[in-house]
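Printed here is input.cif (mmCIF, C-alpha atoms):
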```cif
data_run
#
loop_
_atom_site.label_atom_id
_atom_site.label_comp_id
_atom_site.auth_asym_id
_atom_site.auth_seq_id
_atom_site.Cartn_x
_atom_site.Cartn_y
_atom_site.Cartn_z
CA MET A 1 -41.59 -24.70 -33.49
CA LEU A 2 -39.26 -25.44 -36.42
CA ARG A 3 -40.47 -23.77 -39.58
CA VAL A 4 -39.29 -24.53 -43.16
CA ARG A 5 -40.56 -22.63 -46.12
CA CYS A 6 -42.01 -25.13 -48.75
CA LEU A 7 -40.53 -24.71 -52.20
CA ARG A 8 -41.66 -26.15 -55.54
CA GLY A 9 -39.74 -28.93 -57.23
CA GLY A 10 -38.64 -32.32 -56.05
CA SER A 11 -35.00 -31.36 -55.39
CA ARG A 12 -36.03 -28.41 -53.27
CA GLY A 13 -38.47 -30.61 -51.34
CA ALA A 14 -35.75 -33.16 -50.71
CA GLU A 15 -33.48 -30.37 -49.48
CA ALA A 16 -36.19 -29.25 -47.09
CA ALA A 17 -36.67 -32.79 -45.75
CA HIS A 18 -32.94 -33.19 -45.37
CA TYR A 19 -32.72 -29.83 -43.56
CA ILE A 20 -35.47 -30.80 -41.10
CA GLY A 21 -33.81 -34.13 -40.41
CA SER A 22 -30.41 -32.60 -39.82
CA ARG A 23 -31.86 -29.99 -37.45
CA LEU A 24 -33.71 -32.65 -35.47
CA ARG A 25 -30.54 -34.75 -35.21
CA ARG A 26 -28.61 -31.73 -33.90
CA VAL A 27 -31.32 -30.94 -31.36
CA PHE A 28 -31.35 -34.56 -30.13
CA THR A 29 -27.55 -34.79 -30.08
CA GLY A 30 -27.29 -31.50 -28.14
CA TRP A 31 -29.86 -32.77 -25.60
CA VAL A 32 -27.85 -35.96 -25.08
CA GLN A 33 -24.60 -34.02 -24.65
CA ARG A 34 -26.15 -31.60 -22.16
CA THR A 35 -27.67 -34.47 -20.20
CA PHE A 36 -24.33 -36.28 -20.13
CA GLN A 37 -22.50 -33.12 -19.06
CA SER A 38 -25.05 -32.44 -16.33
CA THR A 39 -24.62 -35.99 -15.04
CA GLN A 40 -20.85 -35.56 -15.06
CA ALA A 41 -21.15 -32.25 -13.21
CA ALA A 42 -23.42 -33.78 -10.57
CA THR A 43 -20.99 -36.65 -10.05
CA ALA A 44 -18.04 -34.26 -9.83
CA SER A 45 -19.81 -32.10 -7.27
CA GLN A 46 -20.10 -35.14 -4.98
CA ASN A 47 -16.42 -35.98 -5.37
CA THR A 48 -14.34 -34.23 -2.70
CA CYS A 49 -11.32 -34.40 -4.99
CA ALA A 50 -13.06 -32.70 -7.93
CA ALA A 51 -11.27 -29.87 -9.72
CA ASP A 52 -14.12 -27.44 -8.97
CA ASP A 53 -13.73 -28.09 -5.25
CA LYS A 54 -10.03 -27.40 -5.52
CA ALA A 55 -10.63 -24.12 -7.36
CA THR A 56 -13.08 -22.79 -4.77
CA SER A 57 -11.35 -24.06 -1.64
CA PRO A 58 -10.40 -21.58 1.10
CA VAL A 59 -7.08 -19.76 0.86
CA SER A 60 -4.21 -22.03 1.75
CA LYS A 61 -2.41 -21.45 5.01
CA ASP A 62 0.74 -21.49 2.84
CA CYS A 63 -0.38 -18.31 1.00
CA LEU A 64 2.64 -16.06 0.58
CA VAL A 65 0.63 -12.82 0.53
CA CYS A 66 -0.66 -11.13 3.68
CA SER A 67 -0.24 -7.46 4.60
CA TYR A 68 -2.69 -5.12 6.32
CA ASN A 69 -0.63 -2.04 7.18
CA GLU A 70 2.71 -0.29 6.81
CA TRP A 71 4.44 -1.41 10.02
CA ASP A 72 3.84 -5.06 10.99
CA PRO A 73 7.04 -7.20 10.89
CA LEU A 74 8.13 -7.42 7.25
CA GLU A 75 8.77 -10.94 5.95
CA GLU A 76 8.73 -10.64 2.15
CA VAL A 77 9.04 -7.69 -0.21
CA ILE A 78 9.32 -6.87 -3.91
CA VAL A 79 12.13 -4.45 -4.71
CA GLY A 80 12.10 -2.64 -8.07
CA ARG A 81 14.71 -2.53 -10.82
CA ALA A 82 16.50 0.43 -12.37
CA GLU A 83 17.78 -1.65 -15.28
CA ASN A 84 16.89 -0.22 -18.71
CA ALA A 85 15.05 2.74 -17.16
CA CYS A 86 13.83 5.15 -19.85
CA VAL A 87 12.73 8.76 -19.74
CA PRO A 88 9.00 8.89 -20.53
CA PRO A 89 7.91 10.89 -23.59
CA PHE A 90 6.95 14.48 -22.74
CA SER A 91 3.18 14.07 -22.91
CA VAL A 92 0.62 16.26 -21.16
CA GLU A 93 0.35 14.04 -18.06
CA VAL A 94 4.14 13.93 -17.67
CA LYS A 95 4.38 17.71 -17.98
CA ALA A 96 1.74 18.13 -15.28
CA ASN A 97 3.71 15.94 -12.86
CA THR A 98 7.22 17.30 -13.34
CA TYR A 99 8.96 20.53 -12.50
CA GLU A 100 9.53 23.21 -15.11
CA LYS A 101 13.31 23.10 -14.72
CA TYR A 102 13.28 19.50 -16.03
CA TRP A 103 10.95 20.00 -19.01
CA GLY A 104 13.88 20.48 -21.37
CA PHE A 105 15.35 17.19 -20.11
CA TYR A 106 12.13 15.34 -20.97
CA GLN A 107 11.81 17.00 -24.35
CA LYS A 108 15.36 16.00 -25.23
CA PHE A 109 15.57 12.48 -23.80
CA GLY A 110 11.94 11.27 -23.84
CA GLY A 111 11.87 7.68 -25.12
CA HIS A 112 15.58 7.17 -24.41
CA SER A 113 17.61 5.95 -21.44
CA PHE A 114 18.16 8.01 -18.34
CA PRO A 115 21.88 8.98 -18.11
CA LYS A 116 23.59 5.59 -18.14
CA ASP A 117 26.22 6.37 -15.50
CA HIS A 118 23.50 7.60 -13.14
CA VAL A 119 21.41 4.48 -13.74
CA LYS A 120 24.46 2.27 -13.14
CA LYS A 121 24.97 3.88 -9.73
CA ALA A 122 21.25 3.53 -8.92
CA ILE A 123 21.39 -0.19 -9.79
CA ALA A 124 24.32 -0.68 -7.40
CA GLU A 125 22.52 1.20 -4.61
CA ILE A 126 19.39 -0.92 -4.94
CA GLU A 127 21.43 -4.14 -5.00
CA GLU A 128 23.02 -3.10 -1.71
CA MET A 129 19.58 -2.24 -0.34
CA CYS A 130 18.41 -5.76 -1.24
CA ASN A 131 21.43 -7.27 0.50
CA ILE A 132 20.71 -5.29 3.67
CA LEU A 133 17.05 -6.35 3.64
CA LYS A 134 18.13 -9.99 3.36
CA ARG A 135 20.52 -9.55 6.31
CA GLU A 136 17.57 -8.20 8.28
CA GLY A 137 15.72 -11.45 7.62
CA VAL A 138 13.46 -10.25 4.78
CA ILE A 139 12.83 -12.35 1.64
CA VAL A 140 13.46 -10.17 -1.43
CA LYS A 141 11.87 -10.70 -4.84
CA ARG A 142 12.59 -8.72 -8.01
CA PRO A 143 10.59 -7.99 -11.19
CA ASP A 144 11.86 -9.17 -14.56
CA PRO A 145 14.20 -6.91 -16.59
CA ILE A 146 12.50 -5.57 -19.72
CA ASP A 147 13.58 -3.36 -22.61
CA TRP A 148 11.51 -0.25 -21.90
CA SER A 149 12.71 1.59 -25.03
CA VAL A 150 10.47 -0.53 -27.29
CA LYS A 151 7.76 1.54 -28.95
CA TYR A 152 4.15 0.38 -28.69
CA LYS A 153 0.85 1.55 -30.06
CA THR A 154 -2.78 1.08 -29.06
CA PRO A 155 -5.88 2.35 -30.92
CA ASP A 156 -5.71 5.46 -28.70
CA PHE A 157 -2.03 6.40 -28.31
CA GLU A 158 1.58 5.41 -28.84
CA SER A 159 4.49 5.57 -26.45
CA THR A 160 7.61 3.92 -25.10
CA GLY A 161 7.89 2.43 -21.62
CA MET A 162 9.57 3.71 -18.46
CA TYR A 163 10.77 1.17 -15.88
CA ALA A 164 9.87 -1.35 -13.19
CA ALA A 165 11.56 0.64 -10.45
CA MET A 166 8.57 1.48 -8.27
CA PRO A 167 6.41 -1.56 -7.41
CA ARG A 168 4.55 0.61 -4.87
CA ASP A 169 3.06 2.56 -7.80
CA ILE A 170 1.51 -0.42 -9.54
CA LEU A 171 0.83 -3.01 -6.80
CA LEU A 172 -1.32 -2.66 -3.70
CA VAL A 173 -1.51 -5.54 -1.22
CA VAL A 174 -4.65 -5.60 0.94
CA GLY A 175 -4.77 -8.68 3.13
CA ASN A 176 -4.17 -11.69 0.87
CA GLU A 177 -5.06 -9.78 -2.30
CA ILE A 178 -2.71 -8.21 -4.83
CA ILE A 179 -4.36 -5.40 -6.78
CA GLU A 180 -2.75 -4.24 -10.03
CA ALA A 181 -3.34 -0.51 -10.39
CA PRO A 182 -4.51 0.82 -13.79
CA MET A 183 -2.02 3.73 -13.61
CA ALA A 184 -2.40 7.03 -15.49
CA TRP A 185 0.80 7.58 -17.50
CA ARG A 186 0.87 6.23 -21.03
CA ALA A 187 4.54 5.33 -20.57
CA ARG A 188 3.47 2.91 -17.79
CA PHE A 189 0.70 1.11 -19.70
CA PHE A 190 2.61 -2.18 -19.95
CA GLU A 191 4.58 -1.94 -16.72
CA TYR A 192 2.61 -4.84 -15.25
CA ARG A 193 4.47 -7.25 -17.55
CA ALA A 194 7.59 -7.08 -15.38
CA TYR A 195 5.64 -8.38 -12.37
CA ARG A 196 3.49 -11.10 -13.92
CA ARG A 197 5.88 -13.97 -13.14
CA LEU A 198 5.87 -13.01 -9.44
CA ILE A 199 2.14 -12.43 -9.27
CA LYS A 200 1.43 -15.84 -10.80
CA GLU A 201 3.68 -17.38 -8.15
CA TYR A 202 1.72 -15.61 -5.42
CA PHE A 203 -1.59 -16.58 -7.03
CA ASN A 204 -0.54 -20.23 -7.12
CA SER A 205 0.24 -20.02 -3.41
CA GLY A 206 -3.39 -19.03 -2.71
CA ALA A 207 -3.40 -15.24 -3.02
CA LYS A 208 -6.23 -13.29 -4.64
CA TRP A 209 -5.21 -11.47 -7.82
CA THR A 210 -7.20 -8.51 -9.08
CA THR A 211 -6.51 -6.26 -12.04
CA ALA A 212 -8.39 -2.97 -11.90
CA PRO A 213 -10.11 -1.83 -15.13
CA LYS A 214 -7.42 -0.96 -17.64
CA PRO A 215 -7.98 2.59 -18.95
CA THR A 216 -7.81 3.25 -22.66
CA MET A 217 -5.69 6.34 -21.93
CA ALA A 218 -7.45 8.06 -24.78
CA ASP A 219 -7.07 11.84 -25.12
CA GLU A 220 -10.30 12.30 -23.17
CA LEU A 221 -8.63 11.03 -19.97
CA TYR A 222 -6.43 14.14 -19.91
CA ASP A 223 -7.12 17.85 -19.89
CA GLN A 224 -5.12 18.66 -23.02
CA ASN A 225 -5.16 22.37 -22.15
CA TYR A 226 -4.11 21.96 -18.52
CA PRO A 227 -2.54 25.39 -17.83
CA ILE A 228 0.70 24.80 -15.92
CA HIS A 229 3.21 27.59 -16.29
CA SER A 230 4.31 28.10 -12.68
CA VAL A 231 4.03 26.76 -9.13
CA GLU A 232 1.40 29.44 -8.49
CA ASP A 233 -0.71 28.00 -11.32
CA ARG A 234 -0.51 24.56 -9.75
CA HIS A 235 -1.46 25.85 -6.28
CA LYS A 236 -4.48 27.62 -7.74
CA LEU A 237 -5.62 24.61 -9.77
CA ALA A 238 -5.10 22.15 -6.91
CA ALA A 239 -7.12 24.40 -4.58
CA GLN A 240 -9.92 24.36 -7.17
CA GLY A 241 -9.75 20.57 -7.38
CA LYS A 242 -8.55 20.62 -10.98
CA PHE A 243 -6.09 18.03 -12.23
CA VAL A 244 -4.62 16.89 -15.53
CA THR A 245 -6.59 13.63 -15.34
CA THR A 246 -10.34 13.86 -15.99
CA GLU A 247 -13.17 11.55 -14.93
CA PHE A 248 -13.41 9.97 -18.39
CA GLU A 249 -12.58 6.50 -16.96
CA PRO A 250 -11.14 5.12 -13.72
CA CYS A 251 -7.42 5.52 -13.13
CA PHE A 252 -5.21 5.38 -10.06
CA ASP A 253 -1.67 4.70 -8.96
CA ALA A 254 -1.40 2.35 -5.99
CA ALA A 255 1.04 4.78 -4.31
CA ASP A 256 -1.82 7.22 -3.70
CA PHE A 257 -3.20 4.77 -1.12
CA ILE A 258 -1.77 4.19 2.38
CA ARG A 259 -3.02 1.41 4.68
CA ALA A 260 -3.92 1.30 8.36
CA GLY A 261 -5.80 -1.97 8.86
CA ARG A 262 -9.47 -1.60 8.01
CA ASP A 263 -8.95 2.05 7.09
CA ILE A 264 -7.24 2.99 3.83
CA PHE A 265 -6.48 6.61 2.99
CA VAL A 266 -6.22 8.01 -0.53
CA GLN A 267 -5.78 11.36 -2.24
CA ARG A 268 -7.25 12.62 -5.49
CA SER A 269 -4.13 13.48 -7.46
CA GLN A 270 -2.73 14.06 -10.93
CA VAL A 271 -2.72 10.28 -11.47
CA THR A 272 -5.67 9.13 -9.33
CA ASN A 273 -9.20 10.29 -10.15
CA TYR A 274 -12.47 10.00 -8.24
CA MET A 275 -13.70 7.19 -10.50
CA GLY A 276 -10.61 5.18 -9.58
CA ILE A 277 -11.14 5.86 -5.89
CA GLU A 278 -14.80 4.86 -6.14
CA TRP A 279 -13.85 1.63 -7.89
CA MET A 280 -11.50 0.81 -5.01
CA ARG A 281 -14.11 1.78 -2.41
CA ARG A 282 -16.72 -0.57 -3.90
CA HIS A 283 -14.17 -3.32 -4.48
CA LEU A 284 -12.89 -3.32 -0.89
CA ALA A 285 -16.24 -2.76 0.87
CA PRO A 286 -17.48 -3.78 3.37
CA ASP A 287 -14.30 -5.12 5.00
CA TYR A 288 -12.30 -1.93 4.39
CA ARG A 289 -13.13 1.77 4.55
CA VAL A 290 -11.56 4.05 1.96
CA HIS A 291 -11.18 7.68 3.08
CA ILE A 292 -10.30 10.60 0.81
CA ILE A 293 -7.87 13.07 2.36
CA SER A 294 -6.31 16.12 0.75
CA PHE A 295 -3.33 18.38 1.19
CA LYS A 296 -2.12 21.87 0.42
CA ASP A 297 -0.03 20.51 -2.42
CA PRO A 298 0.52 22.20 -5.80
CA ASN A 299 1.33 18.89 -7.46
CA PRO A 300 -0.30 15.92 -5.68
CA MET A 301 1.08 12.62 -6.94
CA HIS A 302 1.63 9.66 -4.59
CA ILE A 303 0.83 10.10 -0.94
CA ASP A 304 3.87 8.57 0.78
CA ALA A 305 6.18 11.61 0.59
CA THR A 306 3.37 13.75 1.98
CA PHE A 307 1.65 11.51 4.51
CA ASN A 308 3.38 8.32 5.65
CA ILE A 309 1.84 6.12 8.35
CA ILE A 310 4.71 4.51 10.27
CA GLY A 311 3.01 2.75 13.18
CA PRO A 312 -0.26 2.24 15.02
CA GLY A 313 -1.28 5.76 15.96
CA LEU A 314 1.82 7.34 14.40
CA VAL A 315 2.00 9.33 11.17
CA LEU A 316 4.58 11.52 9.41
CA SER A 317 2.93 14.62 7.94
CA ASN A 318 4.90 16.85 5.57
CA PRO A 319 4.85 20.41 7.00
CA ASP A 320 5.11 21.85 3.49
CA ARG A 321 1.96 19.97 2.45
CA PRO A 322 -0.38 20.09 5.47
CA CYS A 323 -3.32 17.69 5.57
CA HIS A 324 -6.76 19.32 5.50
CA GLN A 325 -8.28 16.44 7.50
CA ILE A 326 -5.58 16.13 10.16
CA GLU A 327 -8.13 16.49 12.97
CA LEU A 328 -9.52 13.08 12.00
CA PHE A 329 -6.26 11.54 13.18
CA LYS A 330 -5.81 13.73 16.24
CA LYS A 331 -9.33 12.98 17.47
CA ALA A 332 -8.56 9.27 17.13
CA GLY A 333 -5.57 9.76 19.44
CA TRP A 334 -2.90 9.55 16.75
CA THR A 335 0.44 11.31 17.12
CA VAL A 336 1.22 13.52 14.13
CA ILE A 337 4.93 14.13 13.56
CA GLN A 338 6.44 16.68 11.21
CA PRO A 339 9.70 15.39 9.73
CA PRO A 340 12.73 17.71 9.62
CA VAL A 341 13.87 19.66 6.58
CA PRO A 342 15.47 17.29 4.01
CA LEU A 343 19.24 17.56 3.59
CA ILE A 344 19.48 16.60 -0.09
CA PRO A 345 21.45 19.30 -1.95
CA ASP A 346 19.79 21.59 -4.48
CA ASP A 347 22.05 20.50 -7.32
CA HIS A 348 21.19 16.80 -7.06
CA PRO A 349 18.91 15.81 -9.98
CA LEU A 350 15.41 14.82 -8.94
CA TRP A 351 13.81 14.31 -12.34
CA MET A 352 10.70 12.62 -11.01
CA SER A 353 10.48 13.49 -7.32
CA SER A 354 11.05 16.07 -4.61
CA LYS A 355 13.37 16.43 -1.63
CA SER A 356 10.56 15.14 0.58
CA LEU A 357 11.67 11.60 -0.26
CA SER A 358 13.58 11.81 3.03
CA MET A 359 10.30 10.86 4.77
CA ASN A 360 9.58 8.11 2.23
CA VAL A 361 10.83 5.39 4.57
CA LEU A 362 10.19 1.65 4.83
CA MET A 363 9.19 0.23 8.21
CA LEU A 364 10.61 -3.25 8.84
CA ASP A 365 8.53 -3.37 12.01
CA GLU A 366 7.39 -0.89 14.66
CA LYS A 367 10.95 -0.49 15.97
CA ARG A 368 13.05 -0.65 12.78
CA VAL A 369 13.04 1.70 9.83
CA MET A 370 15.05 1.85 6.60
CA VAL A 371 16.15 5.45 6.09
CA ASP A 372 18.53 7.37 3.81
CA ALA A 373 22.11 7.26 5.12
CA ASN A 374 22.57 10.92 4.14
CA GLU A 375 19.52 12.21 6.04
CA THR A 376 20.98 12.51 9.55
CA SER A 377 18.20 14.81 10.78
CA ILE A 378 15.42 12.32 10.21
CA GLN A 379 17.60 9.55 11.65
CA LYS A 380 17.76 11.52 14.92
CA MET A 381 14.00 12.02 14.83
CA PHE A 382 13.40 8.25 14.61
CA GLU A 383 15.93 7.52 17.34
CA LYS A 384 14.08 9.91 19.67
CA LEU A 385 10.94 7.89 18.95
CA GLY A 386 12.74 4.70 20.01
CA ILE A 387 12.95 3.40 16.44
CA SER A 388 16.26 1.94 15.24
CA THR A 389 17.45 3.21 11.87
CA ILE A 390 18.86 1.00 9.13
CA LYS A 391 20.88 3.41 7.03
CA VAL A 392 21.14 2.88 3.27
CA ASN A 393 22.36 5.25 0.57
CA ILE A 394 20.01 5.40 -2.44
CA ARG A 395 20.67 8.98 -3.49
CA HIS A 396 21.04 8.15 -7.21
CA ALA A 397 18.01 5.86 -7.06
CA ASN A 398 16.03 8.80 -5.61
CA SER A 399 16.50 10.65 -8.91
CA LEU A 400 14.35 8.09 -10.72
CA GLY A 401 11.35 9.00 -8.63
CA GLY A 402 11.22 7.34 -5.24
CA GLY A 403 12.47 6.57 -1.76
CA PHE A 404 12.44 3.28 0.13
CA HIS A 405 8.65 3.06 0.29
CA CYS A 406 8.36 3.69 -3.46
CA TRP A 407 11.07 1.18 -4.40
CA THR A 408 9.28 -1.62 -2.50
CA CYS A 409 5.96 -3.39 -2.18
CA ASP A 410 5.52 -5.38 1.01
CA ILE A 411 4.05 -8.76 0.15
CA ARG A 412 3.90 -10.30 3.59
CA ARG A 413 3.89 -8.79 7.06
CA ARG A 414 3.32 -10.83 10.19
CA GLY A 415 0.11 -9.41 11.63
CA THR A 416 -3.68 -9.50 11.65
CA LEU A 417 -6.45 -7.25 10.38
CA GLN A 418 -7.35 -4.63 12.98
CA SER A 419 -9.22 -1.36 13.18
CA TYR A 420 -7.34 1.68 14.48
CA PHE A 421 -10.13 4.24 14.16
CA ASP A 422 -13.12 2.70 15.99
#
```
What would you get if you wrote out this structure as C-alpha cells?
Amino acid sequence: MLRVRCLRGGSRGAEAAHYIGSRLRRVFTGWVQRTFQSTQAATASQNTCAADDKATSPVSKDCLVCSYNEWDPLEEVIVGRAENACVPPFSVEVKANTYEKYWGFYQKFGGHSFPKDHVKKAIAEIEEMCNILKREGVIVKRPDPIDWSVKYKTPDFESTGMYAAMPRDILLVVGNEIIEAPMAWRARFFEYRAYRRLIKEYFNSGAKWTTAPKPTMADELYDQNYPIHSVEDRHKLAAQGKFVTTEFEPCFDAADFIRAGRDIFVQRSQVTNYMGIEWMRRHLAPDYRVHIISFKDPNPMHIDATFNIIGPGLVLSNPDRPCHQIELFKKAGWTVIQPPVPLIPDDHPLWMSSKSLSMNVLMLDEKRVMVDANETSIQKMFEKLGISTIKVNIRHANSLGGGFHCWTCDIRRRGTLQSYFD
C-alpha cells in the first residue's frame, strides 16, 4: 500500500497529489514494460534461431580445446615466451621457493630483467622448439609479449610482473575446459593478461572458460615468519605439513596438477593450498576425481619434475623425492620408473628450478617424447621403453624455471575420456 504523509498547506497538498500520481504512473509503466519483455522472451524461446538458444547450445564439434591426459596424440599447444622476463621481487613466497645460493640474486635484481644475454639465448631455444613442434605436425600458439617490469599496486600489495614463459603454471585443460589458476606469487598476479587473446579464441570455438577465485594475496595468505634457513629446515617443515602459503583463501598453480583421464593428482605445495585443491575437487566433481599425493620433498612446488605421468599405466617418479602413495599406482598395475641422474652441470644457473627438469618432458603421443638434447641418459631410458626421442636444447630456457612440460600447455590431444584406475 502506497503511503504519503499529509502535510498542511495547499502547495504541500498539491505536491503530495503530484507524488502519488507520478508513483502510480511509474508502477503502471513498469508493469507494461515487464509484460512486453515477458512476451518478447516467450516468443524468443519458441524461435530456434534465438540468441539464448545459441548461447546455451551444446559445444561445437569444431571446439579447439580437448585434452584428458598427458600422452594422447598432441595436435595443438601453447608455448610460453621468454621475452621481457623479469626477476620477481624478493618477497616471502619467493624466498620460500628458491634456493639460498640465489637469494642475493633476487635481492639485487628483483623487479628488473633477467640477464639479457641469457634471456636472448632462451628466446632462440624456444623458437627452435616451436619450429620442431610444427615439423612434428603440432599447431603452436604463443601468448602476447608484455612489459613485465611495469609496477602495479592493489589494495593489499604492490609488485612488478615476471613473465609468460610457463603456460603450464597458469592454465589447466580438462576436457573442453580451460581453467585459469589463481596462482600464489604476487609477481604473477596479472600473468593471465598475456593469454587472454588466445583464451577468447578458444572460448569462441566452443570451449568452456573458467577463472578460479582470484586471491587478494594479502599478507594473511603467507606465513610472514616462515623459518627457512637451510634445506634441513625445509625438510622438517614439509614433513610437518607446513608451507609458506596459509589457508586464508584458495590458491593453486595449475602445474601442481597432473592428469590421467578421470583421475587428477595434485600435491599440497608452497603455491597450492588445501582450499585451492578443494575448490578444484568440487568444481570438477562428479566427472573427475582429484587425489592428493605427497612426496619427501623439502620444497614442493609443481609436480611435473617430481611425478610425471607419461602414458597409460606409466609414470616417472623422482627417486630423490619418493611418493608416499606410490602403492596406489602399483596396485592399479602401473609401471613406476625412476629416471636417471640428471647431467646438467653444477655451475649452470637454475634460478627458479632444479636439475630434475630432465624428467620434465613433453609427450607428443605414447611413442614420441620431447627431451633435452643434453640429457643422453634419459634419452636411453626412453629408447629402452620403445619411445622415440625428439631432442631439443633448452638449457638456457631451463634457467627461467621449467622444462618442456612447463613451457607448454597442451590445448588439444586426440583422445577420449577414460578411467585408468577402476
**Request:** Quick one: residues within 12 Å of (23.2, 7.2, -16.1) (file frame), counting all atoms listed in the file, please, as a list of chain:residue names.
**Result:**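 Checking each residue against the 12 Å limit leaves A:Ala82, A:Glu83, A:Asn84, A:Ala85, A:Cys86, A:Val87, A:His112, A:Ser113, A:Phe114, A:Pro115, A:Lys116, A:Asp117, A:His118, A:Val119, A:Lys120, A:Lys121, A:Ala122, A:Ile123, A:Ala124, A:Pro349, A:His396, A:Ala397, A:Ser399, A:Leu400.
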**Request:** Please provide as a ChimeraX atom specification all residues within 6 Å of region 254-260 of chain A, with the sequence filter that same-chain residues fewer than 3 positions apart are discarded (counting only C-alpha atoms).
**Result:** /A:69,168-172,181,263-267,302-303
**Among listed residues A:Gly241, A:Pro319, A:Pro215, A:Gly415, nearest Asn299 (chain A) (using only C-alpha atoms)** =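 The closest residue to Asn299 (chain A) is A:Gly241.
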**Message:** Could you tell me how far CA of Val361 (chain A) sits from CA of Glu383 (chain A), in Å to one decimal place?
**Reply:** 13.9 Å
**Message:** Since I can't run it myself right now, could you work out what the PyMOL selection byres ((chain A and resi 222) around 6) selects here and report it as an MDAnalysis selection string?
**Reply:** chainID A and resid 219:221 223:224 244:246
**Request:** Provide the CA of Ile139 (chain A) to CA of Phe189 (chain A) distance in Å, to one decimal place.
**Result:** 28.0 Å
**Message:** Suppose a student applies the PyMOL selection byres ((chain A and resi 275-283) around 7) to this structure; what residues should they get, written as JSON, numbers by chain?
**Reply:** {"A": [247, 249, 250, 251, 252, 272, 273, 274, 284, 285, 290]}
**Item:** Which of A:Ile178, A:Pro312, A:Met301, A:Ala194 sits closest to Thr210 (chain A) [using all atoms listed in the file]
**Value:**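 Of A:Ile178, A:Pro312, A:Met301, A:Ala194, the one nearest Thr210 (chain A) is A:Ile178, counting all atoms listed in the file.
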**Prompt:** What do you get, as a ChimeraX atom specification, if you spell out every residue that the PyMOL selection byres ((chain A and resi 96) around 12) selects here?
**Reply:** /A:90-95,97-100,102-103,184-185,222-231,233-234,237-238,242-245,269-271,298-301,352
**Message:** Can you measure CA of Lys101 (chain A) to CA of His348 (chain A) for me? One decimal in Å is fine.
**Reply:** 12.7 Å
**Item:** Pick from A:Glu125, A:Glu70, A:Asp287, A:Glu76 nearest to Asp372 (chain A), counting all atoms listed in the file
**Value:**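 Closest residue, counting all atoms listed in the file: A:Glu125.
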**Non-local contacts of region 149-160 of chain A (6 Å; only C-alpha atoms; under 3 positions in same chain excluded) as a PyMOL selection string** = chain A and resi 111+187+218
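Of the listed residues (A:Trp209, A:Phe421, A:Phe248, A:Phe295), A:Phe421 comes nearest to Phe329 (chain A); the distances count all atoms listed in the file.
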**Prompt:** Given the choices A:Arg142, A:Asp253, A:Arg268, A:Ala164, which gets closest to Met183 (chain A) if the distance is worked out from all atoms listed in the file?
**Reply:** A:Asp253
**Request:** Might you pull out every residue within 6 Å of Pro167 (chain A), with all atoms listed in the file counted and same-chain residues fewer than 4 positions away left off, and present them as a ChimeraX atom specification?
**Result:** /A:80,171,408-409
**Prompt:** Which one of A:Leu133, A:Glu191, A:Pro345, A:Phe109 sits closest to Trp148 (chain A) if you count all atoms listed in the file?
**Reply:** A:Glu191
